[in-house]
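Data file: structure34.pdb. Format and content: PDB, C-alpha atoms.
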```pdb
MODEL        1
ATOM      1  CA  MET Q   1      54.522  63.794  72.012
ATOM      2  CA  LYS Q   2      50.873  63.468  71.168
ATOM      3  CA  ALA Q   3      48.983  62.178  68.124
ATOM      4  CA  ARG Q   4      45.410  63.171  67.469
ATOM      5  CA  VAL Q   5      43.632  60.836  65.081
ATOM      6  CA  HIS Q   6      40.271  61.536  63.467
ATOM      7  CA  ILE Q   7      38.526  58.580  61.867
ATOM      8  CA  THR Q   8      35.491  59.054  59.631
ATOM      9  CA  LEU Q   9      33.421  56.866  57.352
ATOM     10  CA  LYS Q  10      34.255  57.347  53.667
ATOM     11  CA  PRO Q  11      31.817  59.747  51.998
ATOM     12  CA  ALA Q  12      30.181  56.944  49.983
ATOM     13  CA  VAL Q  13      29.478  54.824  53.087
ATOM     14  CA  LEU Q  14      26.033  55.310  54.633
ATOM     15  CA  ASP Q  15      26.220  56.687  58.193
ATOM     16  CA  PRO Q  16      22.914  55.815  59.894
ATOM     17  CA  GLN Q  17      24.124  57.255  63.229
ATOM     18  CA  GLY Q  18      24.840  60.602  61.577
ATOM     19  CA  LYS Q  19      21.393  60.546  59.982
ATOM     20  CA  ALA Q  20      19.757  59.862  63.380
ATOM     21  CA  ILE Q  21      21.692  62.769  64.937
ATOM     22  CA  ALA Q  22      20.606  65.102  62.113
ATOM     23  CA  HIS Q  23      17.012  63.995  62.681
ATOM     24  CA  ALA Q  24      17.282  64.632  66.433
ATOM     25  CA  LEU Q  25      18.792  68.078  65.856
ATOM     26  CA  SER Q  26      15.928  69.146  63.629
ATOM     27  CA  GLY Q  27      13.546  67.725  66.260
ATOM     28  CA  LEU Q  28      15.146  70.151  68.736
ATOM     29  CA  GLY Q  29      14.399  73.002  66.380
ATOM     30  CA  PHE Q  30      17.866  73.493  64.890
ATOM     31  CA  ASP Q  31      17.049  74.535  61.341
ATOM     32  CA  GLY Q  32      19.415  74.259  58.415
ATOM     33  CA  VAL Q  33      21.229  71.076  59.457
ATOM     34  CA  LYS Q  34      21.923  69.641  56.012
ATOM     35  CA  ASP Q  35      23.884  66.550  56.976
ATOM     36  CA  VAL Q  36      25.714  64.992  59.949
ATOM     37  CA  ARG Q  37      28.560  62.468  59.773
ATOM     38  CA  GLN Q  38      29.769  60.825  62.982
ATOM     39  CA  GLY Q  39      33.352  59.702  63.473
ATOM     40  CA  LYS Q  40      35.901  58.842  66.161
ATOM     41  CA  TYR Q  41      38.617  60.879  67.821
ATOM     42  CA  ILE Q  42      41.594  59.066  69.366
ATOM     43  CA  GLU Q  43      44.437  60.677  71.355
ATOM     44  CA  ILE Q  44      47.696  58.776  71.621
ATOM     45  CA  GLU Q  45      50.498  59.738  74.029
ATOM     46  CA  LEU Q  46      53.864  58.757  72.589
ATOM     47  CA  ALA Q  47      57.348  58.593  74.064
ATOM     48  CA  PRO Q  48      59.500  61.535  72.876
ATOM     49  CA  GLY Q  49      61.398  60.912  69.640
ATOM     50  CA  ASP Q  50      61.686  61.870  65.985
ATOM     51  CA  PRO Q  51      58.318  63.400  64.948
ATOM     52  CA  LYS Q  52      58.529  62.067  61.361
ATOM     53  CA  GLN Q  53      59.124  58.521  62.545
ATOM     54  CA  ALA Q  54      56.393  58.887  65.158
ATOM     55  CA  GLU Q  55      53.878  59.996  62.538
ATOM     56  CA  ALA Q  56      54.810  57.033  60.347
ATOM     57  CA  ARG Q  57      54.172  54.731  63.289
ATOM     58  CA  VAL Q  58      50.780  56.303  63.983
ATOM     59  CA  ARG Q  59      49.927  55.862  60.287
ATOM     60  CA  SER Q  60      50.777  52.185  60.600
ATOM     61  CA  MET Q  61      48.568  51.995  63.750
ATOM     62  CA  CYS Q  62      45.694  53.453  61.721
ATOM     63  CA  GLU Q  63      46.185  50.977  58.869
ATOM     64  CA  ARG Q  64      46.498  47.942  61.116
ATOM     65  CA  LEU Q  65      43.950  48.634  63.857
ATOM     66  CA  LEU Q  66      42.500  52.099  64.428
ATOM     67  CA  ALA Q  67      40.704  52.460  61.085
ATOM     68  CA  ASN Q  68      39.190  49.947  58.686
ATOM     69  CA  PRO Q  69      40.494  51.083  55.286
ATOM     70  CA  ILE Q  70      37.545  49.429  53.509
ATOM     71  CA  VAL Q  71      35.011  51.857  54.979
ATOM     72  CA  GLU Q  72      36.980  54.541  56.861
ATOM     73  CA  THR Q  73      39.526  57.289  56.282
ATOM     74  CA  TYR Q  74      41.692  59.018  58.886
ATOM     75  CA  THR Q  75      43.727  62.138  59.511
ATOM     76  CA  ILE Q  76      46.679  62.475  61.889
ATOM     77  CA  GLU Q  77      47.774  65.599  63.739
ATOM     78  CA  MET Q  78      51.055  65.499  65.664
ATOM     79  CA  SER Q  79      51.993  67.884  68.477
ATOM     80  CA  ALA Q  80      54.792  68.136  71.000
TER
ATOM     81  CA  MET P   1      35.964  14.286  63.920
ATOM     82  CA  LYS P   2      37.665  16.980  65.962
ATOM     83  CA  SER P   3      36.547  20.584  66.028
ATOM     84  CA  ALA P   4      37.523  23.798  67.791
ATOM     85  CA  VAL P   5      35.442  26.811  68.787
ATOM     86  CA  ILE P   6      37.397  29.989  69.491
ATOM     87  CA  VAL P   7      36.323  31.889  72.616
ATOM     88  CA  PHE P   8      37.014  35.603  73.093
ATOM     89  CA  PRO P   9      36.114  37.753  76.093
ATOM     90  CA  GLY P  10      32.520  38.643  75.257
ATOM     91  CA  SER P  11      31.768  35.649  73.015
ATOM     92  CA  ASN P  12      28.318  34.366  73.977
ATOM     93  CA  ARG P  13      27.256  31.831  71.353
ATOM     94  CA  GLU P  14      30.100  29.361  71.843
ATOM     95  CA  ARG P  15      27.936  26.904  73.791
ATOM     96  CA  ASP P  16      25.175  26.872  71.155
ATOM     97  CA  ALA P  17      27.875  26.247  68.559
ATOM     98  CA  ALA P  18      29.370  23.488  70.718
ATOM     99  CA  ALA P  19      25.938  21.839  71.110
ATOM    100  CA  ALA P  20      25.309  21.985  67.357
ATOM    101  CA  LEU P  21      28.726  20.448  66.619
ATOM    102  CA  ALA P  22      28.324  17.811  69.357
ATOM    103  CA  ALA P  23      24.995  16.735  67.794
ATOM    104  CA  PHE P  24      26.986  15.886  64.661
ATOM    105  CA  GLY P  25      29.585  13.888  66.513
ATOM    106  CA  ALA P  26      32.170  16.658  66.592
ATOM    107  CA  PRO P  27      32.163  17.945  70.188
ATOM    108  CA  PRO P  28      34.587  20.873  70.051
ATOM    109  CA  ALA P  29      37.485  21.970  72.168
ATOM    110  CA  LEU P  30      36.777  25.517  73.377
ATOM    111  CA  VAL P  31      39.984  27.448  72.650
ATOM    112  CA  TRP P  32      40.764  30.654  74.576
ATOM    113  CA  HIS P  33      41.807  33.642  72.461
ATOM    114  CA  ARG P  34      45.136  34.018  74.276
ATOM    115  CA  ASP P  35      46.326  30.585  73.192
ATOM    116  CA  HIS P  36      48.804  30.555  70.331
ATOM    117  CA  GLU P  37      48.132  27.019  69.127
ATOM    118  CA  LEU P  38      45.045  25.082  68.131
ATOM    119  CA  PRO P  39      44.399  21.531  69.250
ATOM    120  CA  ARG P  40      44.329  19.125  66.296
ATOM    121  CA  SER P  41      41.062  20.041  64.538
ATOM    122  CA  ASP P  42      39.238  19.164  61.343
ATOM    123  CA  LEU P  43      37.207  22.372  61.470
ATOM    124  CA  ILE P  44      37.171  25.717  63.277
ATOM    125  CA  LEU P  45      34.134  27.726  64.253
ATOM    126  CA  ILE P  46      34.359  31.411  65.240
ATOM    127  CA  PRO P  47      31.170  32.046  67.232
ATOM    128  CA  GLY P  48      28.930  35.042  67.775
ATOM    129  CA  GLY P  49      28.811  37.440  70.685
ATOM    130  CA  PHE P  50      30.280  40.809  71.530
ATOM    131  CA  SER P  51      34.003  40.158  71.644
ATOM    132  CA  TYR P  52      35.770  42.955  73.573
ATOM    133  CA  GLY P  53      32.404  44.709  73.913
ATOM    134  CA  ASP P  54      32.599  45.712  70.226
ATOM    135  CA  TYR P  55      35.243  48.298  71.246
ATOM    136  CA  LEU P  56      36.640  50.362  68.337
ATOM    137  CA  ARG P  57      34.722  48.333  65.705
ATOM    138  CA  ALA P  58      32.896  45.010  66.028
ATOM    139  CA  GLY P  59      35.556  42.301  65.694
ATOM    140  CA  ALA P  60      38.543  44.676  65.439
ATOM    141  CA  MET P  61      40.186  43.728  68.730
ATOM    142  CA  ALA P  62      39.492  39.986  68.474
ATOM    143  CA  ALA P  63      40.976  39.944  64.962
ATOM    144  CA  ASN P  64      44.357  40.724  66.551
ATOM    145  CA  SER P  65      44.154  38.089  69.312
ATOM    146  CA  PRO P  66      47.086  35.674  69.654
ATOM    147  CA  ILE P  67      45.004  32.646  68.481
ATOM    148  CA  MET P  68      44.114  34.305  65.166
ATOM    149  CA  GLY P  69      47.589  33.576  63.777
ATOM    150  CA  ALA P  70      46.879  29.848  64.154
ATOM    151  CA  VAL P  71      43.373  30.264  62.697
ATOM    152  CA  LYS P  72      44.835  32.024  59.632
ATOM    153  CA  ALA P  73      47.437  29.273  59.185
ATOM    154  CA  PHE P  74      44.652  26.647  59.407
ATOM    155  CA  ALA P  75      42.591  28.524  56.787
ATOM    156  CA  GLU P  76      45.605  28.939  54.484
ATOM    157  CA  LYS P  77      46.080  25.169  54.496
ATOM    158  CA  GLY P  78      42.472  24.836  53.291
ATOM    159  CA  GLY P  79      40.929  23.868  56.632
ATOM    160  CA  PRO P  80      37.189  24.573  56.860
ATOM    161  CA  VAL P  81      36.311  27.641  58.950
ATOM    162  CA  LEU P  82      32.773  28.827  59.734
ATOM    163  CA  ALA P  83      32.468  32.380  61.098
ATOM    164  CA  ILE P  84      29.069  33.292  62.520
ATOM    165  CA  CYS P  85      27.805  36.820  63.327
ATOM    166  CA  ASN P  86      30.512  38.423  65.499
ATOM    167  CA  GLY P  87      32.735  35.653  64.140
ATOM    168  CA  TYR P  88      32.009  36.967  60.620
ATOM    169  CA  GLN P  89      32.929  40.488  61.755
ATOM    170  CA  ILE P  90      36.151  39.102  63.262
ATOM    171  CA  ALA P  91      36.966  37.124  60.082
ATOM    172  CA  CYS P  92      36.510  40.247  57.934
ATOM    173  CA  GLU P  93      38.618  42.376  60.287
ATOM    174  CA  ALA P  94      41.313  39.678  60.297
ATOM    175  CA  GLY P  95      41.418  39.536  56.490
ATOM    176  CA  LEU P  96      40.194  35.908  56.378
ATOM    177  CA  LEU P  97      37.254  37.244  54.366
ATOM    178  CA  ASP P  98      36.838  40.394  52.243
ATOM    179  CA  GLY P  99      34.543  43.288  53.064
ATOM    180  CA  ALA P 100      33.329  44.994  56.205
ATOM    181  CA  LEU P 101      30.241  44.837  58.406
ATOM    182  CA  THR P 102      28.865  48.203  59.401
ATOM    183  CA  ARG P 103      25.984  49.540  61.473
ATOM    184  CA  ASN P 104      22.524  48.392  60.352
ATOM    185  CA  ALA P 105      20.844  50.984  58.133
ATOM    186  CA  SER P 106      17.812  50.758  60.451
ATOM    187  CA  LEU P 107      20.011  51.626  63.466
ATOM    188  CA  HIS P 108      18.109  48.866  65.323
ATOM    189  CA  PHE P 109      19.466  45.708  66.820
ATOM    190  CA  GLU P 110      17.696  43.279  64.468
ATOM    191  CA  CYS P 111      16.666  40.072  66.239
ATOM    192  CA  ARG P 112      14.316  37.828  64.244
ATOM    193  CA  ASP P 113      14.121  35.010  61.738
ATOM    194  CA  VAL P 114      15.214  35.729  58.169
ATOM    195  CA  HIS P 115      15.109  33.683  54.981
ATOM    196  CA  LEU P 116      18.343  32.868  53.200
ATOM    197  CA  LEU P 117      18.976  31.669  49.675
ATOM    198  CA  VAL P 118      22.028  29.426  49.408
ATOM    199  CA  GLU P 119      23.980  30.168  46.244
ATOM    200  CA  GLY P 120      27.444  30.834  44.877
ATOM    201  CA  LYS P 121      30.345  28.434  44.546
ATOM    202  CA  PRO P 122      30.276  25.144  46.431
ATOM    203  CA  THR P 123      31.857  25.382  49.881
ATOM    204  CA  PRO P 124      32.357  22.617  52.452
ATOM    205  CA  TRP P 125      29.561  24.214  54.495
ATOM    206  CA  THR P 126      27.003  24.530  51.684
ATOM    207  CA  ARG P 127      27.831  21.877  49.065
ATOM    208  CA  GLY P 128      25.331  19.457  50.612
ATOM    209  CA  ILE P 129      22.445  21.947  50.587
ATOM    210  CA  PRO P 130      20.173  21.481  47.528
ATOM    211  CA  ALA P 131      20.436  24.386  45.048
ATOM    212  CA  GLY P 132      17.741  26.985  45.540
ATOM    213  CA  ARG P 133      16.916  25.778  49.067
ATOM    214  CA  ILE P 134      15.689  28.620  51.286
ATOM    215  CA  LEU P 135      16.733  28.406  54.936
ATOM    216  CA  ARG P 136      14.915  30.039  57.852
ATOM    217  CA  ILE P 137      17.506  31.084  60.414
ATOM    218  CA  PRO P 138      17.571  33.837  63.078
ATOM    219  CA  ILE P 139      19.704  36.967  63.034
ATOM    220  CA  ALA P 140      20.703  39.007  66.108
ATOM    221  CA  HIS P 141      23.005  41.918  65.305
ATOM    222  CA  ALA P 142      23.382  45.696  65.175
ATOM    223  CA  GLU P 143      26.332  45.751  62.760
ATOM    224  CA  GLY P 144      25.560  43.444  59.879
ATOM    225  CA  ARG P 145      25.372  45.782  56.896
ATOM    226  CA  PHE P 146      27.827  44.205  54.480
ATOM    227  CA  VAL P 147      29.995  46.648  52.507
ATOM    228  CA  HIS P 148      32.493  45.614  49.827
ATOM    229  CA  PRO P 149      34.609  47.737  47.462
ATOM    230  CA  ASN P 150      33.896  45.459  44.472
ATOM    231  CA  VAL P 151      30.639  43.569  44.864
ATOM    232  CA  ASP P 152      30.451  42.738  41.145
ATOM    233  CA  ALA P 153      33.726  40.815  41.316
ATOM    234  CA  LEU P 154      32.554  39.025  44.464
ATOM    235  CA  GLU P 155      29.322  37.995  42.719
ATOM    236  CA  LYS P 156      31.152  36.924  39.550
ATOM    237  CA  GLU P 157      33.496  34.709  41.542
ATOM    238  CA  GLY P 158      30.480  33.039  43.179
ATOM    239  CA  ARG P 159      31.591  34.182  46.601
ATOM    240  CA  VAL P 160      28.176  35.374  47.749
ATOM    241  CA  VAL P 161      27.038  32.238  49.541
ATOM    242  CA  PHE P 162      23.956  33.436  51.439
ATOM    243  CA  ARG P 163      21.500  36.140  50.414
ATOM    244  CA  TYR P 164      18.573  37.609  52.361
ATOM    245  CA  VAL P 165      15.342  36.792  50.503
ATOM    246  CA  ASP P 166      11.633  36.708  51.217
ATOM    247  CA  PRO P 167       9.982  33.294  51.855
ATOM    248  CA  THR P 168       9.439  32.856  48.093
ATOM    249  CA  GLY P 169      13.062  33.625  47.217
ATOM    250  CA  GLY P 170      12.768  37.261  46.078
ATOM    251  CA  ALA P 171      15.774  39.390  47.027
ATOM    252  CA  GLY P 172      13.909  42.692  47.393
ATOM    253  CA  GLU P 173      14.531  45.588  49.762
ATOM    254  CA  GLY P 174      11.869  44.276  52.131
ATOM    255  CA  ALA P 175      13.812  41.051  52.705
ATOM    256  CA  ASN P 176      16.994  42.933  53.630
ATOM    257  CA  PRO P 177      17.167  43.327  57.434
ATOM    258  CA  ASN P 178      20.211  45.589  57.667
ATOM    259  CA  GLY P 179      20.864  47.391  54.375
ATOM    260  CA  SER P 180      23.597  45.022  53.152
ATOM    261  CA  VAL P 181      24.677  45.660  49.570
ATOM    262  CA  ALA P 182      22.861  43.236  47.201
ATOM    263  CA  ASN P 183      21.116  41.606  50.226
ATOM    264  CA  ILE P 184      24.367  39.790  51.047
ATOM    265  CA  ALA P 185      24.130  37.725  54.246
ATOM    266  CA  GLY P 186      27.241  35.570  53.888
ATOM    267  CA  THR P 187      30.375  35.212  51.769
ATOM    268  CA  CYS P 188      33.353  32.916  51.320
ATOM    269  CA  ASN P 189      37.043  33.380  50.549
ATOM    270  CA  ALA P 190      38.462  32.730  47.060
ATOM    271  CA  ARG P 191      39.221  29.096  47.903
ATOM    272  CA  GLY P 192      35.769  28.550  49.468
ATOM    273  CA  ASN P 193      36.977  26.934  52.688
ATOM    274  CA  VAL P 194      36.265  29.985  54.876
ATOM    275  CA  VAL P 195      32.580  30.912  55.080
ATOM    276  CA  GLY P 196      31.125  33.768  57.120
ATOM    277  CA  LEU P 197      27.518  34.788  57.680
ATOM    278  CA  MET P 198      25.573  37.110  59.967
ATOM    279  CA  PRO P 199      22.637  34.714  60.654
ATOM    280  CA  HIS P 200      22.995  32.011  63.314
ATOM    281  CA  PRO P 201      22.726  28.445  61.955
ATOM    282  CA  GLU P 202      23.675  27.052  65.385
ATOM    283  CA  ARG P 203      20.535  28.657  66.819
ATOM    284  CA  ALA P 204      18.379  26.867  64.263
ATOM    285  CA  SER P 205      19.787  23.386  64.676
ATOM    286  CA  GLU P 206      16.925  21.598  66.497
ATOM    287  CA  ALA P 207      13.207  21.583  65.646
ATOM    288  CA  VAL P 208      12.415  22.634  69.228
ATOM    289  CA  LEU P 209      14.218  25.939  68.527
ATOM    290  CA  GLY P 210      11.680  26.755  65.801
ATOM    291  CA  SER P 211      13.807  25.682  62.840
ATOM    292  CA  ASP P 212      16.462  23.098  62.210
ATOM    293  CA  ASP P 213      17.514  24.482  58.829
ATOM    294  CA  GLY P 214      20.888  25.474  60.309
ATOM    295  CA  LYS P 215      21.729  21.780  60.681
ATOM    296  CA  MET P 216      22.206  21.621  56.932
ATOM    297  CA  LEU P 217      25.513  23.521  57.157
ATOM    298  CA  PHE P 218      26.926  21.091  59.700
ATOM    299  CA  ALA P 219      25.497  18.095  57.807
ATOM    300  CA  SER P 220      27.108  19.386  54.623
ATOM    301  CA  LEU P 221      30.511  19.620  56.250
ATOM    302  CA  LEU P 222      30.224  16.150  57.751
ATOM    303  CA  ALA P 223      29.218  14.674  54.421
ATOM    304  CA  GLU P 224      32.264  16.453  52.996
ATOM    305  CA  MET P 225      34.445  14.823  55.614
ATOM    306  CA  GLY P 226      33.153  11.458  54.458
ATOM    307  CA  ARG P 227      31.152  10.773  57.584
ATOM    308  CA  ARG P 228      27.607   9.537  57.834
ATOM    309  CA  VAL P 229      25.223  11.964  59.523
TER
ENDMDL
END
```

Here is the file; what I need is its structure written in the form of structure tokens.
Amino acid sequence: MKARVHITLKPAVLDPQGKAIAHALSGLGFDGVKDVRQGKYIEIELAPGDPKQAEARVRSMCERLLANPIVETYTIEMSA
Amino acid sequence: MKSAVIVFPGSNRERDAAAALAAFGAPPALVWHRDHELPRSDLILIPGGFSYGDYLRAGAMAANSPIMGAVKAFAEKGGPVLAICNGYQIACEAGLLDGALTRNASLHFECRDVHLLVEGKPTPWTRGIPAGRILRIPIAHAEGRFVHPNVDALEKEGRVVFRYVDPTGGAGEGANPNGSVANIAGTCNARGNVVGLMPHPERASEAVLGSDDGKMLFASLLAEMGRRV
């Protein structure tokens, strides 16, 4: 079983890296880039088991380590 | 007086911290992050550096090290803890202090002297510093932009202990090296015994280093402990 976790800064939190990327893209001539937000993507291989329980465990991983709930949000996608 | 400095893989300011503490008669035990127990200590210092290479988020991995359980227990009993730079990031990640430290708005690694106004509630580390005193102390960080979900409450409780100011004490945008909300450079917990800051007092603890203003934090704590400096 696999969990795919996306972690992004909350919309209200300034993302200077995203701003720098947007700036670089327009420097390369890509017009119409209105905004860029950079995040993290984490893949977790899990031992087979109950998918509901597994997702709950991944949620707990996000709360305790993978994301900082003060400044970040996350989404979890489970697959076999 | 006995002190302890916690060392993580990637810490790099533990020896400066040890020298600063030794100069005040408190040569520390350096405690490895995998230990579960602290030696008997009157104070704990969490030093700067790049613990775990800043993997995931600065301080996130170190915050879950085995020794942090003992550090939290020490803090809960009211023991004085000073968390500097990466130590501040670790303390926030570990929940010893509120808030988070994010990438500098400038995107640069900021390495220079800054001016700090000491304010807020009295803490063991700042009680001995005259009110309104401005300290000149270096910073060296890429992730020092302080973010907090309720800055007003933090301010009201007097938990903003250090603020970036210009040499005359003005807290304008120009004095803010990293984009921290309200120019916040350092904070304390509700009880005041845990203090964290991004600037490096241990690197400004001898005149030969360009400033010895950082000594005032260590002097304050020693005075608190009833020792002569």

*Check which residues satisfy the PyMOL selection byres ((chain Q) within 7 of (chain P)) in the file shown, then give them as a list in words.*
Pro16, Gln17, Leu65 and Ile70 of chain Q

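For the atom pair formed by atom CA of Ala190 of chain P and atom CA of Arg127 of chain P, the distance is 15.3 Å, given to one decimal.
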
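Here atom CA of Glu63 of chain Q is placed at a distance of 19.7 Å from atom CA of Tyr52 of chain P.
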
*What do you get, as a ChimeraX atom specification, if you spell out every residue that the PyMOL selection byres ((chain Q and resi 79) around 6) selects here?*
/Q:1-2,78,80

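Ranking P:Pro130, P:Gly10, P:Gly78, P:Pro39 by their shortest atom-to-atom distance to Ala62 of chain P, with all atoms listed in the file included, puts P:Gly10 first.
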
*Give me the residues within 12 Å of Ile21 of chain Q as number ranges by chain, counting all atoms listed in the file and dropping any in the same chain fewer than 6 places off.*
Q: 15, 27-28, 30, 33-38; P: 107

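The gap separating atom CA of Asn68 of chain Q from atom CA of Leu82 of chain P is 22.1 Å, in Å to one decimal.
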
*Within 7 Å of Asn86 of chain P, counting all atoms listed in the file, which residues qualify if same-chain residues fewer than 5 places away don't, as an MDAnalysis selection string?*
chainID P and resid 47:50 59

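Proximity to Gly196 of chain P was assessed for P:Gly144, P:Gly174, P:Gly158, P:Gly87 counting only C-alpha atoms; the smallest distance is recorded for P:Gly87.
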
*In terms of the shortest atom-to-atom distance over all atoms listed in the file, which of Q:Ala22, Q:Gly39, Q:Gly29, Q:Ile76 is closest to Lys52 of chain Q?*
Q:Ile76

_Taking (28.7, 24.9, 67.8) as a centre in this file's frame and 10 Å as the limit, can you find every polymer residue with an atom that close, using all atoms listed in the file, and give them as a PyMOL selection string?_
chain P and resi 3-5+13-24+26-28+30+44-47+82+84+201-203+205+218

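In terms of minimum interatomic distance to Met61 of chain Q, Q:Ile44 ranks closest within Q:Ile44, Q:Ala24, Q:Asp31, Q:Pro11, counting only C-alpha atoms.
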
I'd like to see the residues matched by the PyMOL selection byres ((chain Q and resi 57-60) around 12) on this file, and ideally I'd get them as a tab-separated table (two decimals) with C-alpha atoms, keeping the file's coordinate frame.
```
chain	number	residue	atom	x	y	z
Q	1	MET	CA	54.52	63.79	72.01
Q	2	LYS	CA	50.87	63.47	71.17
Q	3	ALA	CA	48.98	62.18	68.12
Q	4	ARG	CA	45.41	63.17	67.47
Q	5	VAL	CA	43.63	60.84	65.08
Q	6	HIS	CA	40.27	61.54	63.47
Q	7	ILE	CA	38.53	58.58	61.87
Q	42	ILE	CA	41.59	59.07	69.37
Q	43	GLU	CA	44.44	60.68	71.36
Q	44	ILE	CA	47.70	58.78	71.62
Q	45	GLU	CA	50.50	59.74	74.03
Q	46	LEU	CA	53.86	58.76	72.59
Q	47	ALA	CA	57.35	58.59	74.06
Q	49	GLY	CA	61.40	60.91	69.64
Q	50	ASP	CA	61.69	61.87	65.98
Q	51	PRO	CA	58.32	63.40	64.95
Q	52	LYS	CA	58.53	62.07	61.36
Q	53	GLN	CA	59.12	58.52	62.54
Q	54	ALA	CA	56.39	58.89	65.16
Q	55	GLU	CA	53.88	60.00	62.54
Q	56	ALA	CA	54.81	57.03	60.35
Q	61	MET	CA	48.57	52.00	63.75
Q	62	CYS	CA	45.69	53.45	61.72
Q	63	GLU	CA	46.18	50.98	58.87
Q	64	ARG	CA	46.50	47.94	61.12
Q	65	LEU	CA	43.95	48.63	63.86
Q	66	LEU	CA	42.50	52.10	64.43
Q	67	ALA	CA	40.70	52.46	61.08
Q	68	ASN	CA	39.19	49.95	58.69
Q	69	PRO	CA	40.49	51.08	55.29
Q	73	THR	CA	39.53	57.29	56.28
Q	74	TYR	CA	41.69	59.02	58.89
Q	75	THR	CA	43.73	62.14	59.51
Q	76	ILE	CA	46.68	62.48	61.89
Q	77	GLU	CA	47.77	65.60	63.74
Q	78	MET	CA	51.06	65.50	65.66
```

Padded axis-aligned box of segment 8-17 of chain Q (6 Å per side), centre and edge lengths, Å, one decimal, as AutoDock Vina command-line options:
```
--center_x 29.2 --center_y 57.3 --center_z 56.6 --size_x 24.6 --size_y 16.9 --size_z 25.2
```

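For the residues P:Ala58, P:Val160, P:Val31, P:Cys111, ranking by smallest atom-to-atom distance to Ile90 of chain P using only C-alpha atoms places P:Ala58 first.
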
_Nearby residues (all atoms listed in the file) at most 7 Å from Ile139 of chain P, same-chain spacing under 6 positions excluded, as a PyMOL selection string_ = chain P and resi 110-114+198-200

Could you list, as a PDB file with C-alpha atoms, in the coordinates of the input, every residue within 10 Å of Glu76 of chain P, counting only C-alpha atoms and ignoring same-chain residues fewer than 3 positions away?
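Final output, saved to selection-v3.pdb:
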```
ATOM      1  CA  ALA P  70      46.879  29.848  64.154  1.00  0.00           C
ATOM      2  CA  VAL P  71      43.373  30.264  62.697  1.00  0.00           C
ATOM      3  CA  LYS P  72      44.835  32.024  59.632  1.00  0.00           C
ATOM      4  CA  ALA P  73      47.437  29.273  59.185  1.00  0.00           C
ATOM      5  CA  GLY P  79      40.929  23.868  56.632  1.00  0.00           C
ATOM      6  CA  PRO P  80      37.189  24.573  56.860  1.00  0.00           C
ATOM      7  CA  LEU P  96      40.194  35.908  56.378  1.00  0.00           C
ATOM      8  CA  ARG P 191      39.221  29.096  47.903  1.00  0.00           C
ATOM      9  CA  ASN P 193      36.977  26.934  52.688  1.00  0.00           C
ATOM     10  CA  VAL P 194      36.265  29.985  54.876  1.00  0.00           C
TER      11      VAL P 194
END
```

Please complete segment 139-150 of chain P so it has N, CA and C atoms, and hand it over as a PDB file, in the coordinates of the input.
```pdb
ATOM      1  N   ILE P 139      18.594  36.017  62.934  1.00  0.00           N
ATOM      2  CA  ILE P 139      19.704  36.967  63.034  1.00  0.00           C
ATOM      3  C   ILE P 139      19.589  37.672  64.388  1.00  0.00           C
ATOM      4  N   ALA P 140      20.688  38.213  64.871  1.00  0.00           N
ATOM      5  CA  ALA P 140      20.703  39.007  66.108  1.00  0.00           C
ATOM      6  C   ALA P 140      21.949  39.881  66.053  1.00  0.00           C
ATOM      7  N   HIS P 141      21.823  41.055  65.431  1.00  0.00           N
ATOM      8  CA  HIS P 141      23.005  41.918  65.305  1.00  0.00           C
ATOM      9  C   HIS P 141      22.625  43.379  65.085  1.00  0.00           C
ATOM     10  N   ALA P 142      23.552  44.259  65.430  1.00  0.00           N
ATOM     11  CA  ALA P 142      23.382  45.696  65.175  1.00  0.00           C
ATOM     12  C   ALA P 142      24.321  46.164  64.064  1.00  0.00           C
ATOM     13  N   GLU P 143      25.354  45.368  63.783  1.00  0.00           N
ATOM     14  CA  GLU P 143      26.332  45.751  62.760  1.00  0.00           C
ATOM     15  C   GLU P 143      26.498  44.612  61.761  1.00  0.00           C
ATOM     16  N   GLY P 144      25.543  44.540  60.846  1.00  0.00           N
ATOM     17  CA  GLY P 144      25.560  43.444  59.879  1.00  0.00           C
ATOM     18  C   GLY P 144      25.430  43.909  58.449  1.00  0.00           C
ATOM     19  N   ARG P 145      25.525  45.227  58.254  1.00  0.00           N
ATOM     20  CA  ARG P 145      25.372  45.782  56.896  1.00  0.00           C
ATOM     21  C   ARG P 145      26.672  45.559  56.131  1.00  0.00           C
ATOM     22  N   PHE P 146      26.627  44.592  55.213  1.00  0.00           N
ATOM     23  CA  PHE P 146      27.827  44.205  54.480  1.00  0.00           C
ATOM     24  C   PHE P 146      28.192  45.269  53.449  1.00  0.00           C
ATOM     25  N   VAL P 147      29.466  45.666  53.459  1.00  0.00           N
ATOM     26  CA  VAL P 147      29.995  46.648  52.507  1.00  0.00           C
ATOM     27  C   VAL P 147      31.213  46.015  51.845  1.00  0.00           C
ATOM     28  N   HIS P 148      31.343  46.188  50.537  1.00  0.00           N
ATOM     29  CA  HIS P 148      32.493  45.614  49.827  1.00  0.00           C
ATOM     30  C   HIS P 148      32.885  46.555  48.692  1.00  0.00           C
ATOM     31  N   PRO P 149      34.192  46.779  48.496  1.00  0.00           N
ATOM     32  CA  PRO P 149      34.609  47.737  47.462  1.00  0.00           C
ATOM     33  C   PRO P 149      34.320  47.253  46.045  1.00  0.00           C
ATOM     34  N   ASN P 150      34.125  45.960  45.832  1.00  0.00           N
ATOM     35  CA  ASN P 150      33.896  45.459  44.472  1.00  0.00           C
ATOM     36  C   ASN P 150      32.923  44.280  44.491  1.00  0.00           C
TER      37      ASN P 150
END
```
